[in-house]
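Structure data follow from data_25.txt (compact mmCIF, C-alpha atoms):
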# COMPACT_ATOMS: atom_id res chain seq x y z
CA MET A 6 5.73 28.01 -11.22
CA VAL A 7 4.68 24.38 -10.62
CA GLN A 8 8.18 23.45 -9.45
CA CYS A 9 8.36 26.42 -7.08
CA LEU A 10 4.98 25.61 -5.53
CA ARG A 11 5.92 21.96 -5.03
CA LYS A 12 9.25 22.93 -3.43
CA LYS A 13 7.30 25.05 -0.94
CA GLY A 14 5.27 21.98 0.03
CA HIS A 15 2.08 22.71 -1.89
CA VAL A 16 0.05 20.02 -3.65
CA VAL A 17 -0.29 21.26 -7.22
CA ALA A 18 -2.98 20.44 -9.78
CA VAL A 19 -2.69 21.69 -13.36
CA THR A 20 -5.25 21.72 -16.17
CA GLY A 21 -4.30 21.98 -19.82
CA ASP A 22 -5.25 21.02 -23.36
CA GLY A 23 -2.28 21.94 -25.54
CA THR A 24 1.06 20.38 -26.31
CA ASN A 25 2.79 23.28 -24.55
CA ASP A 26 0.97 22.30 -21.33
CA ALA A 27 2.54 18.83 -21.26
CA PRO A 28 5.62 19.70 -19.13
CA ALA A 29 3.48 21.34 -16.45
CA LEU A 30 0.98 18.47 -16.49
CA ARG A 31 3.80 15.97 -15.94
CA GLU A 32 5.43 18.04 -13.22
CA ALA A 33 2.22 18.59 -11.22
CA ASP A 34 1.00 16.22 -8.53
CA ILE A 35 -2.26 15.89 -10.48
CA GLY A 36 -2.53 16.76 -14.15
CA LEU A 37 -5.97 17.20 -15.72
CA SER A 38 -6.41 17.41 -19.49
CA MET A 39 -9.41 18.00 -21.73
CA GLY A 40 -10.76 14.95 -23.54
CA ILE A 41 -12.33 16.64 -26.59
CA GLN A 42 -10.10 19.59 -27.47
CA GLY A 43 -6.99 18.33 -25.71
CA THR A 44 -4.04 17.09 -27.74
CA GLU A 45 -2.78 13.52 -27.45
CA VAL A 46 0.44 14.76 -25.88
CA ALA A 47 -1.51 16.58 -23.16
CA LYS A 48 -3.68 13.52 -22.48
CA GLU A 49 -0.68 11.21 -22.19
CA SER A 50 1.05 13.63 -19.82
CA SER A 51 -1.94 13.99 -17.51
CA ASP A 52 -3.25 11.80 -14.70
CA ILE A 53 -6.96 12.46 -15.32
CA VAL A 54 -8.76 13.20 -18.61
CA ILE A 55 -11.96 15.28 -18.34
CA LEU A 56 -14.01 13.67 -21.09
CA ASP A 57 -16.65 16.40 -21.51
CA ASP A 58 -14.18 19.36 -21.43
CA ASN A 59 -16.32 20.88 -18.69
CA PHE A 60 -14.18 22.41 -15.97
CA ALA A 61 -17.09 22.01 -13.53
CA SER A 62 -16.59 18.24 -13.86
CA VAL A 63 -13.44 18.61 -11.74
CA ALA A 64 -15.71 18.72 -8.70
CA THR A 65 -17.15 15.36 -9.76
CA VAL A 66 -13.72 13.93 -10.46
CA LEU A 67 -12.67 14.74 -6.87
CA SER A 68 -15.76 13.25 -5.19
CA VAL A 69 -15.86 11.38 -1.85
CA GLN A 70 -16.62 8.08 -3.60
CA LEU A 71 -13.36 8.20 -5.56
CA LEU A 72 -11.35 8.87 -2.42
CA TRP A 73 -13.09 6.00 -0.62
CA VAL A 74 -12.39 3.59 -3.47
CA ASN A 75 -8.76 4.69 -3.48
CA LEU A 76 -8.54 4.10 0.27
CA ILE A 77 -10.00 0.60 -0.05
CA MET A 78 -7.83 -0.50 -2.96
CA ASP A 79 -4.54 1.07 -1.89
CA THR A 80 -4.46 1.43 1.88
CA LEU A 81 -6.87 -1.06 3.45
CA GLY A 82 -6.37 -3.66 0.72
CA ALA A 83 -2.59 -3.51 0.96
CA LEU A 84 -2.73 -3.61 4.76
CA ALA A 85 -5.01 -6.66 4.74
CA LEU A 86 -2.79 -8.62 2.33
CA ALA A 87 0.43 -7.53 4.04
CA THR A 88 -0.71 -9.29 7.23
CA GLU A 89 -0.59 -12.72 5.52
CA ASN A 90 1.92 -15.02 7.19
CA PRO A 91 4.60 -16.63 4.98
CA THR A 92 3.87 -20.22 3.94
CA LYS A 93 6.12 -23.27 3.65
CA GLU A 94 5.64 -23.28 -0.13
CA LEU A 95 7.44 -19.93 -0.33
CA MET A 96 10.84 -21.56 0.27
CA LYS A 97 10.19 -24.13 -2.49
CA LYS A 98 9.88 -21.50 -5.20
CA LYS A 99 12.75 -20.74 -7.54
CA PRO A 100 14.78 -17.56 -6.93
CA VAL A 101 13.56 -14.52 -8.85
CA GLY A 102 16.11 -12.75 -11.05
CA ARG A 103 16.72 -9.05 -10.75
CA ASN A 104 15.47 -8.48 -14.31
CA GLU A 105 12.29 -10.49 -13.86
CA PRO A 106 9.02 -8.49 -14.17
CA LEU A 107 7.25 -7.49 -10.97
CA ILE A 108 3.90 -8.75 -12.29
CA THR A 109 4.17 -12.43 -13.22
CA ASN A 110 2.14 -14.32 -15.83
CA VAL A 111 0.02 -15.84 -13.07
CA MET A 112 -0.77 -12.36 -11.76
CA TRP A 113 -1.63 -11.12 -15.27
CA ARG A 114 -3.98 -14.08 -15.78
CA ASN A 115 -5.82 -13.41 -12.52
CA LEU A 116 -5.88 -9.64 -13.02
CA LEU A 117 -7.24 -9.81 -16.56
CA ALA A 118 -9.99 -12.25 -15.62
CA GLN A 119 -11.24 -10.07 -12.77
CA ALA A 120 -10.82 -6.85 -14.74
CA LEU A 121 -12.80 -8.13 -17.74
CA TYR A 122 -15.59 -9.34 -15.46
CA GLN A 123 -15.79 -6.10 -13.50
CA ILE A 124 -15.66 -3.92 -16.61
CA SER A 125 -18.43 -5.96 -18.26
CA VAL A 126 -20.67 -5.79 -15.19
CA LEU A 127 -20.10 -2.10 -14.47
CA LEU A 128 -20.62 -1.04 -18.08
CA THR A 129 -23.85 -3.05 -18.18
CA LEU A 130 -25.04 -1.33 -15.00
CA HIS A 131 -24.00 2.06 -16.34
CA PHE A 132 -25.88 1.81 -19.63
CA LYS A 133 -28.72 -0.60 -18.78
CA GLY A 134 -28.99 -0.56 -14.99
CA GLU A 135 -31.91 1.86 -14.83
CA ASP A 136 -33.96 -0.26 -17.23
CA ILE A 137 -32.98 -3.61 -15.71
CA PHE A 138 -33.72 -2.69 -12.10
CA HIS A 139 -36.32 0.04 -12.78
CA VAL A 140 -34.53 2.58 -10.60
CA SER A 141 -33.64 6.25 -10.83
CA LYS A 142 -30.30 7.49 -12.13
CA LYS A 143 -29.11 8.32 -8.60
CA VAL A 144 -29.95 4.84 -7.28
CA ASN A 145 -28.27 3.25 -10.29
CA GLU A 146 -25.10 5.27 -9.64
CA THR A 147 -25.15 4.02 -6.05
CA LEU A 148 -25.56 0.44 -7.31
CA ILE A 149 -22.49 0.89 -9.51
CA PHE A 150 -20.47 2.38 -6.66
CA ASN A 151 -21.56 -0.30 -4.20
CA THR A 152 -20.93 -3.15 -6.64
CA PHE A 153 -17.47 -1.88 -7.51
CA VAL A 154 -16.44 -1.56 -3.85
CA LEU A 155 -17.78 -5.00 -2.96
CA CYS A 156 -15.98 -6.52 -5.96
CA GLN A 157 -12.70 -5.26 -4.51
CA VAL A 158 -13.59 -6.70 -1.10
CA PHE A 159 -14.37 -10.15 -2.52
CA ASN A 160 -11.32 -10.03 -4.78
CA GLU A 161 -9.05 -9.47 -1.78
CA PHE A 162 -9.70 -13.12 -0.90
CA ASN A 163 -8.56 -14.16 -4.39
CA ALA A 164 -5.40 -12.09 -3.98
CA ARG A 165 -4.40 -14.12 -0.91
CA LYS A 166 -3.42 -17.12 -3.04
CA MET A 167 -2.31 -16.35 -6.57
CA GLU A 168 -1.81 -19.95 -7.65
CA LYS A 169 -3.80 -22.06 -5.18
CA LYS A 170 -7.45 -22.73 -5.93
CA ASN A 171 -8.45 -22.74 -2.26
CA VAL A 172 -8.11 -19.06 -1.34
CA PHE A 173 -9.66 -19.64 2.09
CA GLU A 174 -6.87 -21.89 3.34
CA GLY A 175 -5.58 -20.65 6.70
CA ILE A 176 -7.88 -17.63 6.69
CA HIS A 177 -9.07 -18.39 10.24
CA LYS A 178 -5.51 -17.79 11.46
CA ASN A 179 -5.37 -14.27 10.07
CA LYS A 180 -7.73 -12.35 12.32
CA LEU A 181 -6.34 -9.00 11.23
CA PHE A 182 -7.25 -9.72 7.59
CA MET A 183 -10.80 -10.59 8.56
CA GLY A 184 -10.95 -7.54 10.81
CA ILE A 185 -9.95 -5.20 7.99
CA ILE A 186 -12.47 -6.82 5.65
CA GLY A 187 -15.16 -6.41 8.31
CA ILE A 188 -14.29 -2.75 8.89
CA THR A 189 -14.38 -2.08 5.13
CA VAL A 190 -17.82 -3.67 4.76
CA VAL A 191 -19.23 -1.80 7.79
CA LEU A 192 -17.90 1.54 6.51
CA GLN A 193 -19.35 0.84 3.06
CA VAL A 194 -22.78 0.20 4.60
CA VAL A 195 -22.47 3.47 6.52
CA MET A 196 -21.46 5.34 3.34
CA VAL A 197 -24.44 4.03 1.38
CA GLU A 198 -27.14 4.01 4.03
CA PHE A 199 -26.35 6.88 6.38
CA LEU A 200 -23.92 9.35 4.75
CA ASN A 201 -26.04 10.04 1.68
CA LYS A 202 -25.36 13.77 1.43
CA PHE A 203 -21.69 13.42 2.29
CA ALA A 204 -21.03 10.52 -0.10
CA ASP A 205 -23.65 11.52 -2.72
CA THR A 206 -25.40 8.14 -2.50
CA GLU A 207 -28.98 6.85 -2.22
CA ARG A 208 -30.16 4.25 0.27
CA LEU A 209 -30.59 0.76 -1.18
CA ASN A 210 -33.22 -1.80 -0.23
CA TRP A 211 -32.36 -5.38 0.70
CA ARG A 212 -33.00 -6.67 -2.84
CA GLN A 213 -30.57 -4.14 -4.29
CA TRP A 214 -27.98 -5.07 -1.67
CA ALA A 215 -28.48 -8.73 -2.55
CA VAL A 216 -27.87 -7.97 -6.23
CA CYS A 217 -24.65 -6.08 -5.41
CA ILE A 218 -23.41 -8.91 -3.19
CA ALA A 219 -24.31 -11.61 -5.74
CA ILE A 220 -22.52 -9.80 -8.58
CA SER A 221 -19.45 -9.20 -6.41
CA ALA A 222 -19.36 -12.76 -5.03
CA ALA A 223 -19.11 -14.08 -8.59
CA SER A 224 -15.44 -13.07 -8.48
CA TRP A 225 -14.82 -16.17 -6.30
CA PRO A 226 -15.88 -18.81 -8.86
CA ILE A 227 -14.21 -16.78 -11.62
CA GLY A 228 -11.00 -16.70 -9.61
CA PHE A 229 -11.28 -20.46 -9.05
CA LEU A 230 -11.95 -21.38 -12.69
CA VAL A 231 -9.30 -19.11 -14.19
CA LYS A 232 -6.61 -20.96 -12.25
CA PHE A 233 -7.20 -24.00 -14.46
CA ILE A 234 -5.77 -21.98 -17.36
CA PRO A 235 -2.05 -22.78 -17.69
CA VAL A 236 0.40 -19.93 -18.22
CA PRO A 237 3.98 -20.11 -19.56
CA GLU A 238 6.86 -19.48 -17.20
CA ARG A 239 8.45 -17.08 -19.66
CA PRO A 240 7.13 -13.50 -19.16
CA TRP A 241 4.58 -12.49 -21.78
CA PHE A 242 6.30 -9.18 -22.50
CA SER A 243 9.45 -11.04 -23.55
CA TYR A 244 7.52 -12.38 -26.56
CA LEU A 245 6.68 -8.82 -27.61
CA LYS A 246 10.35 -7.83 -27.38
CA LEU A 247 11.28 -10.86 -29.50
CA LYS A 248 8.74 -9.89 -32.19
CA ARG A 249 10.10 -6.32 -32.26
CA LEU A 250 13.63 -7.62 -32.81
CA MET A 251 12.38 -9.86 -35.62
CA PHE A 252 10.74 -6.90 -37.37
CA ILE A 253 13.86 -4.78 -36.94
Please render this file's structure as structure tokens.
Amino acid sequence: MVQCLRKKGHVVAVTGDGTNDAPALREADIGLSMGIQGTEVAKESSDIVILDDNFASVATVLSVQLLWVNLIMDTLGALALATENPTKELMKKKPVGRNEPLITNVMWRNLLAQALYQISVLLTLHFKGEDIFHVSKKVNETLIFNTFVLCQVFNEFNARKMEKKNVFEGIHKNKLFMGIIGITVVLQVVMVEFLNKFADTERLNWRQWAVCIAISAASWPIGFLVKFIPVPERPWFSYLKLKRLMFI
């Protein structure tokens, strides 16, 4: 049934919790499994796990905020970075083999540093934000959403230069990059301050905005400091393969 619907051009979502649901969950455009009663096979085959097993949570899963975050990280972010002009250093790099991993050790180092920071901050806001800032649950959720989006905006600057410490070098020459960043920030302000019902957000005061910006801007010094950590040229996953062979 899923295959027939997809062949006819429909976008198919499937929910399931049993092992027998795994093929349909994999075949669907979006597979949703149950987090409590669902089997491990079903969870691994799905794209989204509904943690509370409440089918009504699907409406929350498909909220406007999630779509906006996806647009920023995938579309606008990729477009902004794709406009970067090639540098002279590019021709000095060694050729990349066809079997080399797409994500290099340098990328993993930068990604892990930013991911650990963002996870730590967002979990702190999620569990302690209401007490720390003395705000309602709805305002705290908006703080989390706003902080996460701004973290991605600030981190786009870090992504410009994976190895160089000065990520602002030549940024004045790329007006399109700055334009996309500006559009993203303006749309985020509109989402938070004016489209409250549409985006399910609460308006923030200037102090709360300052907190969001300060937390997000910390990704710059983190990105700078982490580049002092040396990484081996050999891909990290090759060490795991070597250990497996040794055990075998």
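The residues that lie within 12 Å of the point (-23.7, 6.3, -11.4), counting all atoms listed in the file, are Thr65, Gln70, Leu127, Leu128, Thr129, Leu130, His131, Phe132, Lys133, Gly134, Glu135, Val140, Ser141, Lys142, Lys143, Val144, Asn145, Glu146, Thr147, Leu148, Ile149, Phe150, Asn151, Thr152, Phe153, Asp205, Thr206 and Glu207 of chain A.
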Using all atoms listed in the file, which residue out of A:Glu238, A:Asp58, A:Glu168, A:Glu198 lies closest to Glu94 (chain A)?
->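 Ranked by minimum distance to Glu94 (chain A), first place goes to A:Glu168.
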Emit as JSON the padded axis-aligned box for all listed atoms of region 184-189 of chain A, 8 Å per side, with centre and edge lengths in Å to one decimal.
{"center_x": -12.6, "center_y": -4.8, "center_z": 8.0, "size_x": 21.2, "size_y": 21.5, "size_z": 21.7}
Can you tell me how far CA of Val158 (chain A) sits from CA of Phe182 (chain A), in Å to one decimal?
-> 11.2 Å
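Nearest-residue note for Pro240 (chain A): choosing from A:Asn110, A:Asn179, A:Ser68, A:Gln8, the minimum distance belongs to A:Asn110, counting all atoms listed in the file.
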Between A:Gly82, A:Pro235, A:Gly36, A:Pro91, which is the closest to Thr189 (chain A) once you count only C-alpha atoms?
->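 Nearest candidate to Thr189 (chain A) out of A:Gly82, A:Pro235, A:Gly36, A:Pro91: A:Gly82.
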Keeping N, CA and C atoms, write region 94-137 of chain A of the structure just shown out as a compact mmCIF listing (two decimals), in the first residue's frame.
# COMPACT_ATOMS: atom_id res chain seq x y z
N GLU A 94 44.15 28.78 -0.90
CA GLU A 94 44.61 27.62 -0.12
C GLU A 94 44.01 26.31 -0.60
N LEU A 95 42.89 26.39 -1.32
CA LEU A 95 42.21 25.19 -1.80
C LEU A 95 43.10 24.36 -2.71
N MET A 96 43.89 25.04 -3.57
CA MET A 96 44.75 24.34 -4.52
C MET A 96 46.00 23.76 -3.86
N LYS A 97 46.27 24.16 -2.61
CA LYS A 97 47.45 23.65 -1.90
C LYS A 97 47.14 22.37 -1.12
N LYS A 98 45.87 22.03 -1.02
CA LYS A 98 45.50 20.84 -0.28
C LYS A 98 45.78 19.58 -1.09
N LYS A 99 46.02 18.49 -0.38
CA LYS A 99 46.28 17.22 -1.02
C LYS A 99 45.00 16.69 -1.67
N PRO A 100 45.14 15.92 -2.75
CA PRO A 100 43.94 15.32 -3.38
C PRO A 100 43.24 14.38 -2.40
N VAL A 101 41.94 14.30 -2.51
CA VAL A 101 41.13 13.44 -1.64
C VAL A 101 40.82 12.15 -2.38
N GLY A 102 41.11 11.02 -1.75
CA GLY A 102 40.85 9.72 -2.37
C GLY A 102 39.37 9.42 -2.44
N ARG A 103 39.02 8.52 -3.35
CA ARG A 103 37.61 8.19 -3.53
C ARG A 103 37.03 7.44 -2.34
N ASN A 104 37.87 6.81 -1.54
CA ASN A 104 37.40 6.07 -0.37
C ASN A 104 37.50 6.87 0.92
N GLU A 105 37.93 8.10 0.81
CA GLU A 105 38.05 8.95 2.01
C GLU A 105 36.66 9.32 2.52
N PRO A 106 36.48 9.44 3.84
CA PRO A 106 35.17 9.80 4.39
C PRO A 106 34.77 11.22 4.02
N LEU A 107 33.47 11.44 3.87
CA LEU A 107 32.97 12.77 3.52
C LEU A 107 33.20 13.76 4.66
N ILE A 108 33.03 13.30 5.89
CA ILE A 108 33.25 14.15 7.06
C ILE A 108 34.65 13.88 7.60
N THR A 109 35.51 14.87 7.54
CA THR A 109 36.90 14.71 7.96
C THR A 109 37.03 14.83 9.48
N ASN A 110 38.23 14.53 9.99
CA ASN A 110 38.48 14.65 11.43
C ASN A 110 38.30 16.09 11.91
N VAL A 111 38.72 17.04 11.09
CA VAL A 111 38.56 18.45 11.45
C VAL A 111 37.08 18.79 11.59
N MET A 112 36.28 18.30 10.65
CA MET A 112 34.83 18.54 10.72
C MET A 112 34.23 17.91 11.97
N TRP A 113 34.64 16.65 12.27
CA TRP A 113 34.13 15.98 13.46
C TRP A 113 34.48 16.76 14.73
N ARG A 114 35.71 17.27 14.79
CA ARG A 114 36.14 18.04 15.96
C ARG A 114 35.25 19.27 16.14
N ASN A 115 35.03 20.01 15.07
CA ASN A 115 34.21 21.22 15.15
C ASN A 115 32.75 20.90 15.45
N LEU A 116 32.24 19.85 14.80
CA LEU A 116 30.84 19.46 15.01
C LEU A 116 30.58 19.03 16.45
N LEU A 117 31.46 18.19 16.98
CA LEU A 117 31.27 17.68 18.33
C LEU A 117 31.34 18.79 19.38
N ALA A 118 32.24 19.75 19.18
CA ALA A 118 32.36 20.85 20.13
C ALA A 118 31.08 21.68 20.17
N GLN A 119 30.57 22.02 18.99
CA GLN A 119 29.34 22.82 18.93
C GLN A 119 28.13 22.03 19.41
N ALA A 120 28.08 20.75 19.05
CA ALA A 120 26.95 19.91 19.45
C ALA A 120 26.89 19.75 20.97
N LEU A 121 28.03 19.47 21.59
CA LEU A 121 28.06 19.32 23.05
C LEU A 121 27.65 20.60 23.76
N TYR A 122 28.11 21.73 23.24
CA TYR A 122 27.74 23.01 23.84
C TYR A 122 26.24 23.26 23.71
N GLN A 123 25.71 23.07 22.50
CA GLN A 123 24.29 23.34 22.28
C GLN A 123 23.40 22.39 23.07
N ILE A 124 23.78 21.12 23.11
CA ILE A 124 22.99 20.15 23.90
C ILE A 124 22.99 20.52 25.37
N SER A 125 24.15 20.90 25.90
CA SER A 125 24.24 21.28 27.32
C SER A 125 23.37 22.49 27.63
N VAL A 126 23.45 23.49 26.78
CA VAL A 126 22.68 24.73 27.01
C VAL A 126 21.18 24.46 26.89
N LEU A 127 20.78 23.76 25.84
CA LEU A 127 19.35 23.54 25.60
C LEU A 127 18.73 22.63 26.66
N LEU A 128 19.47 21.63 27.11
CA LEU A 128 18.95 20.77 28.18
C LEU A 128 18.82 21.55 29.50
N THR A 129 19.78 22.45 29.75
CA THR A 129 19.70 23.29 30.95
C THR A 129 18.47 24.19 30.89
N LEU A 130 18.24 24.78 29.72
CA LEU A 130 17.06 25.63 29.56
C LEU A 130 15.77 24.82 29.69
N HIS A 131 15.79 23.62 29.16
CA HIS A 131 14.59 22.79 29.18
C HIS A 131 14.19 22.40 30.60
N PHE A 132 15.17 22.01 31.40
CA PHE A 132 14.85 21.52 32.74
C PHE A 132 14.90 22.60 33.82
N LYS A 133 15.72 23.64 33.62
CA LYS A 133 15.90 24.65 34.67
C LYS A 133 15.58 26.07 34.22
N GLY A 134 15.21 26.23 32.96
CA GLY A 134 14.99 27.58 32.42
C GLY A 134 13.92 28.37 33.14
N GLU A 135 12.83 27.72 33.50
CA GLU A 135 11.73 28.42 34.18
C GLU A 135 12.17 28.96 35.54
N ASP A 136 12.98 28.18 36.24
CA ASP A 136 13.46 28.61 37.55
C ASP A 136 14.57 29.67 37.43
N ILE A 137 15.44 29.50 36.45
CA ILE A 137 16.56 30.44 36.29
C ILE A 137 16.07 31.82 35.90
